[in-house]
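Structure first, then comments.
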Amino acid sequence: MRRKKDASAANRTAMAEGRKTTLWAVAAALSLVTAAASAGTHIDLAEADVPVLLGTGPGDRLGASLASGDLDADGALEVIIGAPGFEPAPELDDAGVVFVLDAELLQTLTAPARADTISPLSIEGGEPHERFGETLLVSDLDGDALQDLVVGAPSWGSGDALHSGRIYVFFGPLAATGSVPCTEGADAIVRGDRAGDRLGASLEAADLTGDGRPELIVAAPRA
């Protein structure tokens, strides 16, 4: 899913400005919630003027995981939403899906919309019950100033590898559109050692070695 990289100074500046805008919006939202709490009031999201996204059907679990970043390096923010209960086909129950949506498009919604109808890119799980999209992480893992996407599927595996778990790494920028099977689009796939490991149950990135580049931290809580 990688395309020709563009890590120009202008591109990095646009990405930084996008992150600043996002942080400002989050800070504003937190201020609103804090003010409401201090006043002893509550916010009814059903009545609030905010975008509403719907899953494609019962059991999708849309919103089980959330992340944001500039995955296509265009200077604009994308919102990444996991739906680990999604069924791409009748034989792929709970395979899961990750929707990548334009943040600017979300701001234009005036009525609830199904995520699959407005998402320019969806990455679908390839095996039943793997729950692709249970966890998400966006970070620059390879130090190229471009955002990479990591998706956890902790329930992946069958037989002797039941629930050993998998993670899928997609190096940026992501240029694909439409529905993409996770195994075809991923640049790297890592699986758990043994049945029940549930590799990918949680994801984090941090600079553990002090070299200025984050390391990927992956939990396997039942290993």
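A note on labels: chains of the structure tokens are A, B, ... as shown, every chain counts residues from 1, and ligands are counted from 1 in their shown order.
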Near Ser122 (chain A), within 10 Å and counting only C-alpha atoms, which residues show up once chain neighbours fewer than 6 positions away are dropped, as a list in words?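 Residues meeting the cut-off are Ile80, Ile81, Gly82, Val97, Val98, Phe99, Val100, Leu101, Ala115, Asp116, Ala176, Thr177, Gly178, Ser179, Val180, Pro181 and Cys182 of chain A.
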Selected residues written out with C-alpha atoms, as a PDB file, in the first residue's frame:
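Writing done, so here's selection.pdb:
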```pdb
ATOM      1  CA  ILE A  80      -9.272   5.658  11.481  1.00  0.00           C
ATOM      2  CA  ILE A  81     -12.084   3.572  12.964  1.00  0.00           C
ATOM      3  CA  GLY A  82     -12.045  -0.132  13.776  1.00  0.00           C
ATOM      4  CA  VAL A  97     -12.554  -3.973   9.116  1.00  0.00           C
ATOM      5  CA  VAL A  98     -10.759  -0.647   9.492  1.00  0.00           C
ATOM      6  CA  PHE A  99     -12.281   2.451   7.891  1.00  0.00           C
ATOM      7  CA  VAL A 100     -10.063   5.386   6.926  1.00  0.00           C
ATOM      8  CA  LEU A 101     -12.085   8.597   6.602  1.00  0.00           C
ATOM      9  CA  ALA A 115     -19.107   4.372   7.672  1.00  0.00           C
ATOM     10  CA  ASP A 116     -18.745   2.140   4.626  1.00  0.00           C
ATOM     11  CA  ALA A 176      -5.038   2.752  -1.948  1.00  0.00           C
ATOM     12  CA  THR A 177      -8.778   3.339  -2.224  1.00  0.00           C
ATOM     13  CA  GLY A 178     -11.787   1.059  -2.081  1.00  0.00           C
ATOM     14  CA  SER A 179     -11.857  -2.216  -0.117  1.00  0.00           C
ATOM     15  CA  VAL A 180      -8.457  -3.823   0.406  1.00  0.00           C
ATOM     16  CA  PRO A 181      -7.847  -7.252   2.018  1.00  0.00           C
ATOM     17  CA  CYS A 182      -5.483  -6.832   4.949  1.00  0.00           C
TER      18      CYS A 182
END
```
List the spatial neighbours of Val151 (chain A) as a list in words - criterion: any atom at most 8 Å away, only C-alpha atoms, same-chain residues fewer than 6 positions off excluded.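 Counting only C-alpha atoms, the residues come to Phe132, Gly133, Glu134, Thr135, Leu136, Leu137, Ile167, Tyr168, Val169 and Gly200 of chain A.
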File dump, residues just selected, N, CA, C and O atoms, as a PDB file, in the first residue's frame:
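Done, and the output landed in selection22.pdb:
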```
ATOM      1  N   PHE A 132      -9.972  -8.260  13.133  1.00  0.00           N
ATOM      2  CA  PHE A 132      -9.089  -7.232  12.603  1.00  0.00           C
ATOM      3  C   PHE A 132      -9.660  -5.855  12.939  1.00  0.00           C
ATOM      4  O   PHE A 132     -10.828  -5.586  12.701  1.00  0.00           O
ATOM      5  N   GLY A 133      -8.827  -4.995  13.502  1.00  0.00           N
ATOM      6  CA  GLY A 133      -9.292  -3.666  13.902  1.00  0.00           C
ATOM      7  C   GLY A 133      -9.643  -3.548  15.368  1.00  0.00           C
ATOM      8  O   GLY A 133     -10.127  -2.498  15.799  1.00  0.00           O
ATOM      9  N   GLU A 134      -9.381  -4.591  16.142  1.00  0.00           N
ATOM     10  CA  GLU A 134      -9.635  -4.523  17.591  1.00  0.00           C
ATOM     11  C   GLU A 134      -8.783  -3.432  18.238  1.00  0.00           C
ATOM     12  O   GLU A 134      -9.204  -2.754  19.180  1.00  0.00           O
ATOM     13  N   THR A 135      -7.561  -3.251  17.739  1.00  0.00           N
ATOM     14  CA  THR A 135      -6.677  -2.205  18.232  1.00  0.00           C
ATOM     15  C   THR A 135      -6.052  -1.480  17.045  1.00  0.00           C
ATOM     16  O   THR A 135      -5.882  -2.055  15.961  1.00  0.00           O
ATOM     17  N   LEU A 136      -5.682  -0.201  17.266  1.00  0.00           N
ATOM     18  CA  LEU A 136      -5.098   0.632  16.217  1.00  0.00           C
ATOM     19  C   LEU A 136      -3.969   1.483  16.790  1.00  0.00           C
ATOM     20  O   LEU A 136      -4.000   1.867  17.961  1.00  0.00           O
ATOM     21  N   LEU A 137      -2.994   1.776  15.944  1.00  0.00           N
ATOM     22  CA  LEU A 137      -1.919   2.687  16.327  1.00  0.00           C
ATOM     23  C   LEU A 137      -1.450   3.418  15.082  1.00  0.00           C
ATOM     24  O   LEU A 137      -1.280   2.809  14.018  1.00  0.00           O
ATOM     25  N   ILE A 167      -0.540  -8.889  14.179  1.00  0.00           N
ATOM     26  CA  ILE A 167      -0.567  -7.455  13.907  1.00  0.00           C
ATOM     27  C   ILE A 167      -0.182  -7.250  12.443  1.00  0.00           C
ATOM     28  O   ILE A 167       0.587  -8.026  11.867  1.00  0.00           O
ATOM     29  N   TYR A 168      -0.760  -6.204  11.861  1.00  0.00           N
ATOM     30  CA  TYR A 168      -0.504  -5.854  10.469  1.00  0.00           C
ATOM     31  C   TYR A 168       0.063  -4.441  10.442  1.00  0.00           C
ATOM     32  O   TYR A 168      -0.500  -3.533  11.067  1.00  0.00           O
ATOM     33  N   VAL A 169       1.165  -4.251   9.717  1.00  0.00           N
ATOM     34  CA  VAL A 169       1.811  -2.944   9.630  1.00  0.00           C
ATOM     35  C   VAL A 169       1.691  -2.434   8.196  1.00  0.00           C
ATOM     36  O   VAL A 169       2.050  -3.130   7.244  1.00  0.00           O
ATOM     37  N   GLY A 200      -1.282  -8.476  19.918  1.00  0.00           N
ATOM     38  CA  GLY A 200      -1.978  -7.329  19.357  1.00  0.00           C
ATOM     39  C   GLY A 200      -3.148  -6.852  20.177  1.00  0.00           C
ATOM     40  O   GLY A 200      -3.891  -5.957  19.744  1.00  0.00           O
TER      41      GLY A 200
END
```
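Within region 116-154 of chain A, DSSP applied to the backbone places the following residues in strand (DSSP E): Leu121, Ser122, Ile123, Glu124, Thr135, Leu136, Leu137, Val138, Ser139, Asp148, Leu149, Val150, Val151, Gly152 and Ala153 of chain A.
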Would you list the contacts of Glu127 (chain A) as a VMD selection string, taking every protein, DNA or RNA residue within 12 Å and counting only C-alpha atoms, but skipping same-chain residues closer than 5 positions in sequence? chain A and resid 84 to 97 132 153 155 to 158 162 to 163 165 to 166 181 to 183
Could you save those same residues with C-alpha atoms as a PDB file, in the first residue's frame?
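The resulting file, out14.pdb, is reproduced below:
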```pdb
ATOM      1  CA  PRO A  84     -13.768  -5.820  14.631  1.00  0.00           C
ATOM      2  CA  GLY A  85     -17.158  -7.538  14.352  1.00  0.00           C
ATOM      3  CA  PHE A  86     -17.594  -6.622  10.667  1.00  0.00           C
ATOM      4  CA  GLU A  87     -18.429  -9.445   8.235  1.00  0.00           C
ATOM      5  CA  PRO A  88     -16.889  -8.827   4.770  1.00  0.00           C
ATOM      6  CA  ALA A  89     -18.535 -11.993   3.435  1.00  0.00           C
ATOM      7  CA  PRO A  90     -20.879 -14.678   4.845  1.00  0.00           C
ATOM      8  CA  GLU A  91     -17.930 -17.006   5.437  1.00  0.00           C
ATOM      9  CA  LEU A  92     -15.920 -14.280   7.223  1.00  0.00           C
ATOM     10  CA  ASP A  93     -17.870 -13.773  10.439  1.00  0.00           C
ATOM     11  CA  ASP A  94     -16.123 -11.319  12.799  1.00  0.00           C
ATOM     12  CA  ALA A  95     -13.227 -10.862  10.376  1.00  0.00           C
ATOM     13  CA  GLY A  96     -13.285  -7.125  11.069  1.00  0.00           C
ATOM     14  CA  VAL A  97     -12.554  -3.973   9.116  1.00  0.00           C
ATOM     15  CA  PHE A 132      -9.089  -7.232  12.603  1.00  0.00           C
ATOM     16  CA  ALA A 153      -6.181  -8.767  15.294  1.00  0.00           C
ATOM     17  CA  SER A 155      -8.243 -13.279  17.944  1.00  0.00           C
ATOM     18  CA  TRP A 156      -6.538 -14.419  14.732  1.00  0.00           C
ATOM     19  CA  GLY A 157      -5.719 -18.106  14.337  1.00  0.00           C
ATOM     20  CA  SER A 158      -7.359 -21.505  14.334  1.00  0.00           C
ATOM     21  CA  LEU A 162      -6.160 -20.542  17.894  1.00  0.00           C
ATOM     22  CA  HIS A 163      -6.196 -16.935  19.135  1.00  0.00           C
ATOM     23  CA  GLY A 165      -3.084 -13.139  17.340  1.00  0.00           C
ATOM     24  CA  ARG A 166      -1.608 -11.021  14.597  1.00  0.00           C
ATOM     25  CA  PRO A 181      -7.847  -7.252   2.018  1.00  0.00           C
ATOM     26  CA  CYS A 182      -5.483  -6.832   4.949  1.00  0.00           C
ATOM     27  CA  THR A 183      -3.116  -9.583   3.820  1.00  0.00           C
TER      28      THR A 183
END
```
Applying 7 Å and only C-alpha atoms, which residues near Leu146 (chain A) remain after dropping the ones on its own chain fewer than 4 positions away? List them as a list in words. Ala7, Ala73, Asp140, Gly172 and Pro173 of chain A
Which of these residues is nearest to Glu130 (chain A), using only C-alpha atoms: A:Ser164, A:Leu54, A:Ala113, A:Asp187?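 Checking each candidate against Glu130 (chain A), we get A:Ser164 as the closest.
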Which of these, A:Ser202, A:Ser65, A:Thr209, A:Thr117, has the shortest distance to Leu53 (chain A) once you count only C-alpha atoms?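 For Leu53 (chain A), the nearest of the given residues is A:Thr117.
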Could you tell me how far CA of Ala206 (chain A) sits from CA of Gly143 (chain A), in Å to one decimal place? 12.6 Å
Go ahead and compute the interatomic distance for CA of Gly196 (chain A) and CA of Pro214 (chain A), in Å to one decimal. 27.5 Å
